[in-house]
Every structure is written in structure tokens, then in C-alpha cells.
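Notes for the one structure printed next.
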Number of protein chains: 4
Amino acid sequence: MNTLRHPRVPELIVQRWFNTPQPITLASLRGKVVVIESFQMLCPGCVTHGLPQASRVYATFPPDKVAVIGLHTVFEHHAVMTPQALEVFLSEYRIPFPVGVDMPSSTGDIPETMRAYAMRGTPTLTLIDQHGYLRQQYFGKVDDLALGAEIGALLGESQSVLREEMGATGCSEGQCEL
Amino acid sequence: MNTLRHPRVPELIVQRWFNTPQPITLASLRGKVVVIESFQMLCPGCVTHGLPQASRVYATFPPDKVAVIGLHTVFEHHAVMTPQALEVFLSEYRIPFPVGVDMPSSTGDIPETMRAYAMRGTPTLTLIDQHGYLRQQYFGKVDDLALGAEIGALLGESQSVLREEMGATGCSEGQCEL
Amino acid sequence: MNTLRHPRVPELIVQRWFNTPQPITLASLRGKVVVIESFQMLCPGCVTHGLPQASRVYATFPPDKVAVIGLHTVFEHHAVMTPQALEVFLSEYRIPFPVGVDMPSSTGDIPETMRAYAMRGTPTLTLIDQHGYLRQQYFGKVDDLALGAEIGALLGESQSVLREEMGATGCSEGQCEL
Amino acid sequence: MNTLRHPRVPELIVQRWFNTPQPITLASLRGKVVVIESFQMLCPGCVTHGLPQASRVYATFPPDKVAVIGLHTVFEHHAVMTPQALEVFLSEYRIPFPVGVDMPSSTGDIPETMRAYAMRGTPTLTLIDQHGYLRQQYFGKVDDLALGAEIGALLGESQSVLREEMGATGCSEGQCEL
């Protein structure tokens, strides 16, 4: 890996955290692949695609290998997507991973981390390697197969990268056992 | 990678090929990750899950990095799942990748490659690394995210492993652009 | 139809309407089958199932035969599911039919119409016949096929009940034309 | 209902039946709404959409009100879509309703019932009313909501038309109970 080609990711600037006993820094996650799912709670593509995919990533990879973080990057309708509303949303939708509220800007609608990361909108998925470098940033929809390949490539040649042993599922789902 | 731990995959024993101008050998695919989708044309889990997933793999990764091969491993109802019937099936379902017919056994129901690979039934997905070693074999259903991770890990730290540049999809699917 | 068996549905008690130039009364809808989709904007089952189904009903049946009404029946987390937040939600999710905000109760969490209709939670789908009688009330999930049958039964033997002529779709989706 | 407008449906011409102890005639089904799902076992749209929908119809409505019949209308690739192959297909896919093999034509590719019904291809869904008149014939895909409405309209104003009491499903699927 030629790390010279990849920019170092700026630290998260977060107003408040949910689903974690203490604030999370990217610096503390060195050695793990990091997936940041940036969303707005009233963004349909985030609710339908981005957050469910982030939950699947969280369920698929072991927490000591891959960290999943949600980031509530509100850039419109600030009055109704408050941290108080987010708290209800996270509870109702049973989001299992830590979620930070991106720090509101004093000078505009776009919050601080969103601006620092040059995100184009929501949902945005940011992929950070084990050394803290930015490797991919997707705005919109990315398929599970492609995202899995990127994560797997970053994890490198590890023989058991998945949270649970995958494989045989017996005769359910219509497959035909010998 | 400790190749000592991984068995060398035996060569395919194929009666007849479809969707390829000439027979395919694993030996000729060294340097590529190989995905073998073993199926029966009247196996619901193969039609619903296995073959569509193999087609997604084929569409996602560049052909010089990942080879996708179908293998028709008929171990039951031989009289109706003939090569002639398979040819119609492949055409109707528009299967885009090469498919080989596993060589029928002279001594039993299980065809030669299926027996040599110790497959348990269909669908079975076999994952072979760039050096020809067996790395994973899944009977039944495996998720795209997990399969992508395995393929990505085998491809190694490559910066553009996907067939097409992934990423922004504009404002479709309900995401919110700035 | 033995109307004696069916209760008359009480009139809607609504604080504020969206997506309609003027308030809607059930009395004004006599002669139409009425589908009321009661929801909360932060209820996952409403967002995933109930509202999309109501939108499908709205798209399938002609507006002079079937009226679709949303009712925001907030019975928890009132502070964050305000009419102001609902307005953003309806816009982001592009809900096409009229939506009323159920009148908050002065004595408890359950709003007035929700109490009067004895709803058990959200989503609830209420089906009212052309004479204003309550015919079905579903809490939770109801399949399209079953819901369609109920609506069709209420519409009676009409030969063209659907908004658009259904039928031939050519050779897309894998069907095989002669 | 103005039955003068609807053609009487010709009787089925069937070579062989599966999933029924004795041959079925339309004449014997007077008093029931009849749904005929015409398909070919190697037609992707039939396998993906038509047959699963027919199975849902079969599961939703009581058998004394709605009869579901499959019809194997082979008009191409006759050599591989034989009754013997169909028998395996029906077993593997666990099709629960009676299926007849449309009688091959002595003069062409299109079988007898398919020709008599003027079907354009597969899948085709034919809807017959309780008096034996043709009410709808769909080539291709029809939505559950629209199909349900047509069936419900034919069933007329019956207060419990569904096989099982629909309704409350508790708190699963994300809905919020009081």
C-alpha cells in the first residue's frame, strides 16, 4: 500500500454521542478498518439503504477488526432533526452501533465534520484503513458485494475475517443436500 | 498466507462447456481469484440465490482479477436435467458466465468433480485463490457482504478492484444531495 | 350487505392538514371506499410497510372510487413528532395523499381520533365502506393481496376498478412472449 | 353484472394432471372464482413472479371460494419441458395447487388450451368468475393489490373472504403497540 496516495482523515468533530459509554476518536481506532455511515434521520435513502447496510457490516465483521460509526450530519431542516429527535429515532430503529452528532457550524448549514470530509450529501459511507487513511467515500448507494470487497481488501489476507463462521445452512432456503 | 494450510484444488472434470469458446482449466486461471458456483437447474435455492449472486460477482469484479464459473453438478433427477435442458435454462435465464457440465459418474449418482471436491449439495460456492488453493467452500446461502469480504481479502490490497468505479449515484433512491 | 352489523365511523378530529387545499371530512367522502393509514413518522413499521402500502393503494385505484388518507396519530414522543417535523417527513418521503394530524388529547397521550377509533397502535389501517361504515381495522401488517381483496369486495362488481388498465407488460421481467 | 359482455371460457384441454386425485373441469368449479396460472417451467418470469403469486392466492383465499389451477402451456423447447421434467419441478418448488399439462397440438407449437384462450405467452393469469365467464386475462406481471381487488370484486360483498383472519400481528415488524 502506497499510503502517500491516501489523505489522512481529519478527526471527528462531534457534539454528542449515543450508544457508547464515552466519546470515540479515530485515533483510538488505529488497527481497525473504520466504516462511517453519515446520515440524516429524515433522509429516505439513509433509512432504507445506508443504515441497514451499516448494521449488516456491524453484524458481519468482528468488532476488533472493523469499527462501525454513525454520524448524524444534519445540513437541512435543523429545527426538527435535533439530538432529542435522533435519540428517539435510534431507539425506535434499534441502531446497534455508536452514533455521533456532527457539530453544527457557526457560519452555515453544513456541520463541521461533514465540511471537513467534503461530503456531498447523505447517505455517505466513508472507509478508513487501519492506519487512519481515507480509502473510499461513497455518496449514495453502494452494493454489499462491492463494499464487502473493499473492506476485505483492507483487512488483508486474514483467514477468518468474519464475525461468525459462514457456510452451511442445511436444507433451508431451497438448496438441495446430498 | 500460509499455503501449507490450504489444499490444492483438483482440476475440473467437465463433460461439456457452455458460454465459452473453449474448455476452461483451473490451471489456466492462475493469477485470478476463482469463484465456482455449483448448481442444479431445478434446485430452487440455486435459481433464487446462488446463480443471481454469481452473476453479481461476475458484474462487479474485472474479468482479469476474478473468474466466475458455473458447474452443473447433477446428483439427482438426471433424466430431466440433461445438457440439452441446461442449454435452454442458461439461455432463458441469461447466465453470462461459462458453465461446465460436471462429468457423470460411471458408478453412482454424484458426478466426478462434485465428488472430488467433497461437495454436500447445491448450491455450493467454492472460492479458489490466485495460486490455485481452496480457500472457502460454502454450501447453501452466503451473504454478499461476507462473500465480498472474502474475495476482497484474496485480491489483496488493490486500490481499484471493482469492474466499475463505485460511488456517487446522484439523488436517486432517496438520498439528499447538498 | 347487512349494515346493521357495522358501526358508523366517527368523524375525524384533526388539528391540521397537509397535502390538501381544505380539511377533509368522512361525510364528504360518501360514495367512496376510504382507506385511513394511521402512523407515526418515527415508527419503523409505518415507514417500511404501512405508508408504502397506502401509496400503492393511492396509485392503484381511481380517486373517485377510493380515498386514501394518512392520519398522524402520535401517542408517544410528542416533543419530536411535531407537525413541523411531520411536514419535513412528508416532503422527504414524497407522501402523495392528504395527511391529517390527529388532535392531541388534553387528558392523555392518545390523540382524539385514535381514541375514538379504539386503535391499538401504529400502523393501523382502517377500511370504511361507501356508506361510511367501518368494515375492517388492521393493526400491524396486512398483505397487498388480502387488502386488495377487501377493497375490491367493497367496490363491488365493477368492471374497471383500477386506475390504469392492467395487463400486458411485454417481454420484460423474464416472461416469454409468443 | 352484465354477463352478456363476458365470454364463456372454453373447457381446459389437459393431457395429464399433477397434485390432484382426479382431473379438474371448469364446469365442476361453478360457484368459485377461478385463477389459472399459465406457465412454462423454464420461463424466469413464471418462476420468479407468476407461480409465487399464484401460491399466495392459494394461501390467502379459502378453497371453497377461490380455486387456483396451474397450467403448463409449453410453446417452445418441448423436448426439455416434458411432463417428466415438470413433475420434478413441481416437487422441488413445492407447488401446492393442481397443475395440468396443456394438451400438445398436432399441428403446431402452441398447445390446445393456450390457443383456445388466445394467450400471448407466459406467464398469463386468467380470472374466471363464479358463473364461468372470463373476466380478466393478464400477460406478464400484475401487482398483488390490483389482483386482490379483482378477486375481491368477483367474490362480492362477503364479510370474511380470507382464508385466515387477518389483522393484528403484535409488535413484530417494527410497529408500535400502545
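Here, A, B, ... name the chains of the C-alpha cells in the order displayed, residue numbers run from 1 inside each chain, and ligands are numbered from 1 in the same displayed order.
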Taking only C-alpha atoms into account, what are the residues of chain D at most 10 Å from chain B, put as a PDB file with all heavy atoms, in the first residue's frame?
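Okay, iface_8.pdb is ready:
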```pdb
ATOM      1  N   MET D  41     -42.060 -24.139 -17.157  1.00  0.00           N
ATOM      2  CA  MET D  41     -41.157 -24.368 -16.031  1.00  0.00           C
ATOM      3  C   MET D  41     -39.788 -23.720 -16.209  1.00  0.00           C
ATOM      4  O   MET D  41     -39.088 -23.492 -15.227  1.00  0.00           O
ATOM      5  CB  MET D  41     -40.990 -25.862 -15.763  1.00  0.00           C
ATOM      6  CG  MET D  41     -40.452 -26.641 -16.937  1.00  0.00           C
ATOM      7  SD  MET D  41     -40.100 -28.397 -16.562  1.00  0.00           S
ATOM      8  CE  MET D  41     -38.510 -28.273 -15.741  1.00  0.00           C
ATOM      9  N   LEU D  42     -39.383 -23.384 -17.433  1.00  0.00           N
ATOM     10  CA  LEU D  42     -38.101 -22.715 -17.662  1.00  0.00           C
ATOM     11  C   LEU D  42     -38.267 -21.246 -18.058  1.00  0.00           C
ATOM     12  O   LEU D  42     -37.351 -20.635 -18.597  1.00  0.00           O
ATOM     13  CB  LEU D  42     -37.277 -23.468 -18.707  1.00  0.00           C
ATOM     14  CG  LEU D  42     -36.850 -24.889 -18.308  1.00  0.00           C
ATOM     15  CD1 LEU D  42     -35.960 -25.499 -19.383  1.00  0.00           C
ATOM     16  CD2 LEU D  42     -36.129 -24.891 -16.964  1.00  0.00           C
ATOM     17  N   CYS D  43     -39.415 -20.672 -17.771  1.00  0.00           N
ATOM     18  CA  CYS D  43     -39.676 -19.250 -18.012  1.00  0.00           C
ATOM     19  C   CYS D  43     -39.361 -18.484 -16.724  1.00  0.00           C
ATOM     20  O   CYS D  43     -40.036 -18.668 -15.709  1.00  0.00           O
ATOM     21  CB  CYS D  43     -41.144 -19.086 -18.402  1.00  0.00           C
ATOM     22  SG  CYS D  43     -41.845 -17.459 -18.100  1.00  0.00           S
ATOM     23  N   PRO D  44     -38.328 -17.634 -16.726  1.00  0.00           N
ATOM     24  CA  PRO D  44     -37.914 -16.943 -15.493  1.00  0.00           C
ATOM     25  C   PRO D  44     -39.022 -16.108 -14.853  1.00  0.00           C
ATOM     26  O   PRO D  44     -39.176 -16.121 -13.624  1.00  0.00           O
ATOM     27  CB  PRO D  44     -36.759 -16.063 -15.963  1.00  0.00           C
ATOM     28  CG  PRO D  44     -36.212 -16.747 -17.180  1.00  0.00           C
ATOM     29  CD  PRO D  44     -37.417 -17.365 -17.853  1.00  0.00           C
ATOM     30  N   GLY D  45     -39.798 -15.378 -15.660  1.00  0.00           N
ATOM     31  CA  GLY D  45     -40.872 -14.563 -15.096  1.00  0.00           C
ATOM     32  C   GLY D  45     -41.941 -15.405 -14.411  1.00  0.00           C
ATOM     33  O   GLY D  45     -42.581 -14.969 -13.454  1.00  0.00           O
ATOM     34  N   VAL D  47     -41.284 -18.345 -12.868  1.00  0.00           N
ATOM     35  CA  VAL D  47     -40.688 -18.886 -11.645  1.00  0.00           C
ATOM     36  C   VAL D  47     -40.533 -17.799 -10.588  1.00  0.00           C
ATOM     37  O   VAL D  47     -40.745 -18.023  -9.400  1.00  0.00           O
ATOM     38  CB  VAL D  47     -39.326 -19.539 -11.971  1.00  0.00           C
ATOM     39  CG1 VAL D  47     -38.593 -19.939 -10.701  1.00  0.00           C
ATOM     40  CG2 VAL D  47     -39.537 -20.751 -12.884  1.00  0.00           C
ATOM     41  N   THR D  48     -40.169 -16.595 -11.047  1.00  0.00           N
ATOM     42  CA  THR D  48     -39.898 -15.502 -10.114  1.00  0.00           C
ATOM     43  C   THR D  48     -41.178 -14.818  -9.647  1.00  0.00           C
ATOM     44  O   THR D  48     -41.312 -14.463  -8.484  1.00  0.00           O
ATOM     45  CB  THR D  48     -38.994 -14.447 -10.798  1.00  0.00           C
ATOM     46  OG1 THR D  48     -37.815 -15.095 -11.240  1.00  0.00           O
ATOM     47  CG2 THR D  48     -38.652 -13.322  -9.848  1.00  0.00           C
ATOM     48  N   GLU D  76     -42.569 -23.755 -26.544  1.00  0.00           N
ATOM     49  CA  GLU D  76     -41.195 -23.746 -27.080  1.00  0.00           C
ATOM     50  C   GLU D  76     -40.383 -24.752 -26.260  1.00  0.00           C
ATOM     51  O   GLU D  76     -40.754 -25.089 -25.146  1.00  0.00           O
ATOM     52  CB  GLU D  76     -40.592 -22.351 -26.974  1.00  0.00           C
ATOM     53  CG  GLU D  76     -40.558 -21.835 -25.550  1.00  0.00           C
ATOM     54  CD  GLU D  76     -40.045 -20.405 -25.402  1.00  0.00           C
ATOM     55  OE1 GLU D  76     -39.535 -19.840 -26.380  1.00  0.00           O
ATOM     56  OE2 GLU D  76     -40.155 -19.877 -24.283  1.00  0.00           O
ATOM     57  N   HIS D  77     -39.284 -25.234 -26.848  1.00  0.00           N
ATOM     58  CA  HIS D  77     -38.405 -26.155 -26.129  1.00  0.00           C
ATOM     59  C   HIS D  77     -39.161 -27.356 -25.557  1.00  0.00           C
ATOM     60  O   HIS D  77     -38.952 -27.759 -24.414  1.00  0.00           O
ATOM     61  CB  HIS D  77     -37.677 -25.424 -24.992  1.00  0.00           C
ATOM     62  CG  HIS D  77     -36.999 -24.159 -25.431  1.00  0.00           C
ATOM     63  ND1 HIS D  77     -36.048 -24.130 -26.432  1.00  0.00           N
ATOM     64  CD2 HIS D  77     -37.139 -22.866 -25.025  1.00  0.00           C
ATOM     65  CE1 HIS D  77     -35.627 -22.875 -26.611  1.00  0.00           C
ATOM     66  NE2 HIS D  77     -36.270 -22.091 -25.788  1.00  0.00           N
ATOM     67  N   ALA D  79     -38.887 -30.416 -26.061  1.00  0.00           N
ATOM     68  CA  ALA D  79     -38.105 -31.619 -25.765  1.00  0.00           C
ATOM     69  C   ALA D  79     -37.602 -31.675 -24.328  1.00  0.00           C
ATOM     70  O   ALA D  79     -37.368 -32.751 -23.788  1.00  0.00           O
ATOM     71  CB  ALA D  79     -36.915 -31.722 -26.734  1.00  0.00           C
ATOM     72  N   VAL D  80     -37.425 -30.488 -23.716  1.00  0.00           N
ATOM     73  CA  VAL D  80     -36.870 -30.490 -22.356  1.00  0.00           C
ATOM     74  C   VAL D  80     -37.897 -30.110 -21.289  1.00  0.00           C
ATOM     75  O   VAL D  80     -37.657 -30.292 -20.102  1.00  0.00           O
ATOM     76  CB  VAL D  80     -35.637 -29.572 -22.253  1.00  0.00           C
ATOM     77  CG1 VAL D  80     -34.557 -30.057 -23.223  1.00  0.00           C
ATOM     78  CG2 VAL D  80     -35.977 -28.123 -22.514  1.00  0.00           C
ATOM     79  N   MET D  81     -39.043 -29.568 -21.693  1.00  0.00           N
ATOM     80  CA  MET D  81     -40.088 -29.259 -20.710  1.00  0.00           C
ATOM     81  C   MET D  81     -41.185 -30.304 -20.804  1.00  0.00           C
ATOM     82  O   MET D  81     -42.359 -30.002 -21.059  1.00  0.00           O
ATOM     83  CB  MET D  81     -40.604 -27.828 -20.910  1.00  0.00           C
ATOM     84  CG  MET D  81     -39.547 -26.793 -20.546  1.00  0.00           C
ATOM     85  SD  MET D  81     -40.173 -25.098 -20.376  1.00  0.00           S
ATOM     86  CE  MET D  81     -40.187 -24.569 -22.086  1.00  0.00           C
ATOM     87  N   THR D  82     -40.810 -31.520 -20.566  1.00  0.00           N
ATOM     88  CA  THR D  82     -41.723 -32.652 -20.634  1.00  0.00           C
ATOM     89  C   THR D  82     -42.517 -32.791 -19.338  1.00  0.00           C
ATOM     90  O   THR D  82     -42.154 -32.210 -18.308  1.00  0.00           O
ATOM     91  CB  THR D  82     -40.914 -33.934 -20.841  1.00  0.00           C
ATOM     92  OG1 THR D  82     -40.017 -34.074 -19.718  1.00  0.00           O
ATOM     93  CG2 THR D  82     -40.084 -33.875 -22.126  1.00  0.00           C
ATOM     94  N   PRO D  83     -43.595 -33.574 -19.360  1.00  0.00           N
ATOM     95  CA  PRO D  83     -44.310 -33.846 -18.106  1.00  0.00           C
ATOM     96  C   PRO D  83     -43.394 -34.461 -17.044  1.00  0.00           C
ATOM     97  O   PRO D  83     -43.537 -34.177 -15.849  1.00  0.00           O
ATOM     98  CB  PRO D  83     -45.409 -34.829 -18.547  1.00  0.00           C
ATOM     99  CG  PRO D  83     -45.669 -34.466 -19.976  1.00  0.00           C
ATOM    100  CD  PRO D  83     -44.320 -34.101 -20.542  1.00  0.00           C
ATOM    101  N   GLN D  84     -42.424 -35.285 -17.474  1.00  0.00           N
ATOM    102  CA  GLN D  84     -41.492 -35.889 -16.516  1.00  0.00           C
ATOM    103  C   GLN D  84     -40.651 -34.808 -15.834  1.00  0.00           C
ATOM    104  O   GLN D  84     -40.421 -34.853 -14.616  1.00  0.00           O
ATOM    105  CB  GLN D  84     -40.585 -36.874 -17.268  1.00  0.00           C
ATOM    106  CG  GLN D  84     -39.631 -37.641 -16.372  1.00  0.00           C
ATOM    107  CD  GLN D  84     -38.631 -38.473 -17.189  1.00  0.00           C
ATOM    108  OE1 GLN D  84     -38.477 -38.277 -18.404  1.00  0.00           O
ATOM    109  NE2 GLN D  84     -37.948 -39.392 -16.508  1.00  0.00           N
ATOM    110  N   ALA D  85     -40.174 -33.832 -16.619  1.00  0.00           N
ATOM    111  CA  ALA D  85     -39.394 -32.731 -16.046  1.00  0.00           C
ATOM    112  C   ALA D  85     -40.275 -31.852 -15.167  1.00  0.00           C
ATOM    113  O   ALA D  85     -39.868 -31.407 -14.085  1.00  0.00           O
ATOM    114  CB  ALA D  85     -38.755 -31.904 -17.166  1.00  0.00           C
ATOM    115  N   LEU D  86     -41.500 -31.632 -15.616  1.00  0.00           N
ATOM    116  CA  LEU D  86     -42.438 -30.822 -14.822  1.00  0.00           C
ATOM    117  C   LEU D  86     -42.688 -31.445 -13.458  1.00  0.00           C
ATOM    118  O   LEU D  86     -42.765 -30.739 -12.444  1.00  0.00           O
ATOM    119  CB  LEU D  86     -43.770 -30.681 -15.576  1.00  0.00           C
ATOM    120  CG  LEU D  86     -44.871 -29.919 -14.833  1.00  0.00           C
ATOM    121  CD1 LEU D  86     -44.494 -28.462 -14.620  1.00  0.00           C
ATOM    122  CD2 LEU D  86     -46.202 -30.027 -15.581  1.00  0.00           C
ATOM    123  N   GLU D  87     -42.799 -32.751 -13.438  1.00  0.00           N
ATOM    124  CA  GLU D  87     -43.057 -33.431 -12.164  1.00  0.00           C
ATOM    125  C   GLU D  87     -41.937 -33.144 -11.152  1.00  0.00           C
ATOM    126  O   GLU D  87     -42.201 -32.888  -9.973  1.00  0.00           O
ATOM    127  CB  GLU D  87     -43.190 -34.939 -12.397  1.00  0.00           C
ATOM    128  CG  GLU D  87     -43.597 -35.696 -11.140  1.00  0.00           C
ATOM    129  CD  GLU D  87     -43.999 -37.135 -11.451  1.00  0.00           C
ATOM    130  OE1 GLU D  87     -43.573 -37.652 -12.519  1.00  0.00           O
ATOM    131  OE2 GLU D  87     -44.737 -37.725 -10.637  1.00  0.00           O
ATOM    132  N   VAL D  88     -40.692 -33.177 -11.615  1.00  0.00           N
ATOM    133  CA  VAL D  88     -39.568 -32.839 -10.738  1.00  0.00           C
ATOM    134  C   VAL D  88     -39.649 -31.374 -10.313  1.00  0.00           C
ATOM    135  O   VAL D  88     -39.485 -31.035  -9.132  1.00  0.00           O
ATOM    136  CB  VAL D  88     -38.224 -33.117 -11.444  1.00  0.00           C
ATOM    137  CG1 VAL D  88     -37.058 -32.598 -10.599  1.00  0.00           C
ATOM    138  CG2 VAL D  88     -38.069 -34.612 -11.723  1.00  0.00           C
ATOM    139  N   PHE D  89     -39.921 -30.513 -11.272  1.00  0.00           N
ATOM    140  CA  PHE D  89     -40.021 -29.078 -10.987  1.00  0.00           C
ATOM    141  C   PHE D  89     -41.062 -28.802  -9.900  1.00  0.00           C
ATOM    142  O   PHE D  89     -40.807 -28.086  -8.924  1.00  0.00           O
ATOM    143  CB  PHE D  89     -40.368 -28.320 -12.273  1.00  0.00           C
ATOM    144  CG  PHE D  89     -40.647 -26.860 -12.073  1.00  0.00           C
ATOM    145  CD1 PHE D  89     -39.616 -25.938 -12.072  1.00  0.00           C
ATOM    146  CD2 PHE D  89     -41.944 -26.407 -11.867  1.00  0.00           C
ATOM    147  CE1 PHE D  89     -39.865 -24.588 -11.881  1.00  0.00           C
ATOM    148  CE2 PHE D  89     -42.200 -25.054 -11.664  1.00  0.00           C
ATOM    149  CZ  PHE D  89     -41.165 -24.152 -11.671  1.00  0.00           C
ATOM    150  N   LEU D  90     -42.261 -29.369 -10.053  1.00  0.00           N
ATOM    151  CA  LEU D  90     -43.345 -29.122  -9.091  1.00  0.00           C
ATOM    152  C   LEU D  90     -42.973 -29.607  -7.700  1.00  0.00           C
ATOM    153  O   LEU D  90     -43.328 -28.984  -6.692  1.00  0.00           O
ATOM    154  CB  LEU D  90     -44.636 -29.812  -9.565  1.00  0.00           C
ATOM    155  CG  LEU D  90     -45.229 -29.306 -10.882  1.00  0.00           C
ATOM    156  CD1 LEU D  90     -46.445 -30.149 -11.272  1.00  0.00           C
ATOM    157  CD2 LEU D  90     -45.600 -27.833 -10.791  1.00  0.00           C
ATOM    158  N   SER D  91     -42.244 -30.705  -7.660  1.00  0.00           N
ATOM    159  CA  SER D  91     -41.816 -31.250  -6.379  1.00  0.00           C
ATOM    160  C   SER D  91     -40.743 -30.372  -5.739  1.00  0.00           C
ATOM    161  O   SER D  91     -40.824 -30.028  -4.559  1.00  0.00           O
ATOM    162  CB  SER D  91     -41.299 -32.676  -6.581  1.00  0.00           C
ATOM    163  OG  SER D  91     -40.670 -33.136  -5.410  1.00  0.00           O
ATOM    164  N   GLU D  92     -39.725 -29.999  -6.518  1.00  0.00           N
ATOM    165  CA  GLU D  92     -38.626 -29.190  -5.980  1.00  0.00           C
ATOM    166  C   GLU D  92     -39.103 -27.814  -5.521  1.00  0.00           C
ATOM    167  O   GLU D  92     -38.657 -27.299  -4.503  1.00  0.00           O
ATOM    168  CB  GLU D  92     -37.516 -29.027  -7.030  1.00  0.00           C
ATOM    169  CG  GLU D  92     -36.788 -30.314  -7.386  1.00  0.00           C
ATOM    170  CD  GLU D  92     -35.941 -30.852  -6.244  1.00  0.00           C
ATOM    171  OE1 GLU D  92     -35.504 -30.051  -5.401  1.00  0.00           O
ATOM    172  OE2 GLU D  92     -35.745 -32.082  -6.184  1.00  0.00           O
ATOM    173  N   TYR D  93     -40.014 -27.231  -6.273  1.00  0.00           N
ATOM    174  CA  TYR D  93     -40.515 -25.891  -5.935  1.00  0.00           C
ATOM    175  C   TYR D  93     -41.729 -25.938  -5.011  1.00  0.00           C
ATOM    176  O   TYR D  93     -42.277 -24.923  -4.635  1.00  0.00           O
ATOM    177  CB  TYR D  93     -40.842 -25.104  -7.221  1.00  0.00           C
ATOM    178  CG  TYR D  93     -39.614 -24.484  -7.853  1.00  0.00           C
ATOM    179  CD1 TYR D  93     -38.777 -25.226  -8.678  1.00  0.00           C
ATOM    180  CD2 TYR D  93     -39.254 -23.170  -7.590  1.00  0.00           C
ATOM    181  CE1 TYR D  93     -37.637 -24.672  -9.245  1.00  0.00           C
ATOM    182  CE2 TYR D  93     -38.117 -22.610  -8.153  1.00  0.00           C
ATOM    183  CZ  TYR D  93     -37.322 -23.365  -8.980  1.00  0.00           C
ATOM    184  OH  TYR D  93     -36.186 -22.799  -9.533  1.00  0.00           O
ATOM    185  N   ARG D  94     -42.144 -27.136  -4.667  1.00  0.00           N
ATOM    186  CA  ARG D  94     -43.251 -27.323  -3.715  1.00  0.00           C
ATOM    187  C   ARG D  94     -44.504 -26.537  -4.103  1.00  0.00           C
ATOM    188  O   ARG D  94     -45.092 -25.815  -3.288  1.00  0.00           O
ATOM    189  CB  ARG D  94     -42.808 -26.919  -2.302  1.00  0.00           C
ATOM    190  CG  ARG D  94     -41.589 -27.711  -1.879  1.00  0.00           C
ATOM    191  CD  ARG D  94     -41.104 -27.360  -0.500  1.00  0.00           C
ATOM    192  NE  ARG D  94     -39.820 -28.018  -0.228  1.00  0.00           N
ATOM    193  CZ  ARG D  94     -39.138 -27.935   0.895  1.00  0.00           C
ATOM    194  NH1 ARG D  94     -39.631 -27.245   1.899  1.00  0.00           N
ATOM    195  NH2 ARG D  94     -37.997 -28.556   1.040  1.00  0.00           N
TER     196      ARG D  94
END
```
Exercise. What residues in stretch 66-102 of chain D get the DSSP label strand (DSSP E)? Please answer as a VMD selection string.
Worked result: chain D and resid 66 to 72 99 to 102
For this session: Please identify all polymer residues within 8 Å of stretch 116-121 of chain B, counting only C-alpha atoms, omitting same-chain residues fewer than 3 positions from it, and present them as a list in words.
Result: Gln175, Cys176, Glu177 and Leu178 of chain A; Val9, Pro10, Glu112, Thr113, Thr124 and Phe139 of chain B
Problem set entry | Near-B:Leu29 list (8 Å; only C-alpha atoms; drop same-chain fewer than 4 positions) as a ChimeraX atom specification | /B:25,33-34,67,130
Exercise. DSSP says helix (DSSP H, G or I) for which residues of stretch 5-168 of chain C? Put them as a VMD selection string?
Worked result: chain C and resid 5 26 to 29 44 to 60 83 to 92 112 to 116 144 to 155
For this session: Skip C:Gln40 itself and residues of its chain fewer than 3 positions away, then list as a ChimeraX atom specification all residues within 8 Å of it, counting only C-alpha atoms.
Result: /C:43,46,72-74,81,122-123
Exercise. Between atom CA of D:Val101 and atom CA of D:Leu155, what is the spacing in Å?
Worked result: 27.6 Å
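The shell of residues at most 9 Å from A:Arg16, with only C-alpha atoms counted and near chain neighbours (fewer than 5 positions) removed, consists of A:Pro23, A:Pro83, A:Val99, A:Gly100, A:Val101, A:Asp102, A:Met103.
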Mind writing the picked residues with C-alpha atoms as a PDB file, in the first residue's frame?
```pdb
ATOM      1  CA  PRO A  23     -16.655   9.655  23.047  1.00  0.00           C
ATOM      2  CA  PRO A  83     -30.346  15.370  19.029  1.00  0.00           C
ATOM      3  CA  VAL A  99     -23.675   7.389  16.623  1.00  0.00           C
ATOM      4  CA  GLY A 100     -22.210  10.879  16.940  1.00  0.00           C
ATOM      5  CA  VAL A 101     -23.985  14.154  16.226  1.00  0.00           C
ATOM      6  CA  ASP A 102     -21.877  16.176  13.818  1.00  0.00           C
ATOM      7  CA  MET A 103     -21.024  19.578  15.335  1.00  0.00           C
TER       8      MET A 103
END
```
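Distance-wise, atom CA of B:Ile36 and atom CA of B:Leu125 end up 5.6 Å apart.
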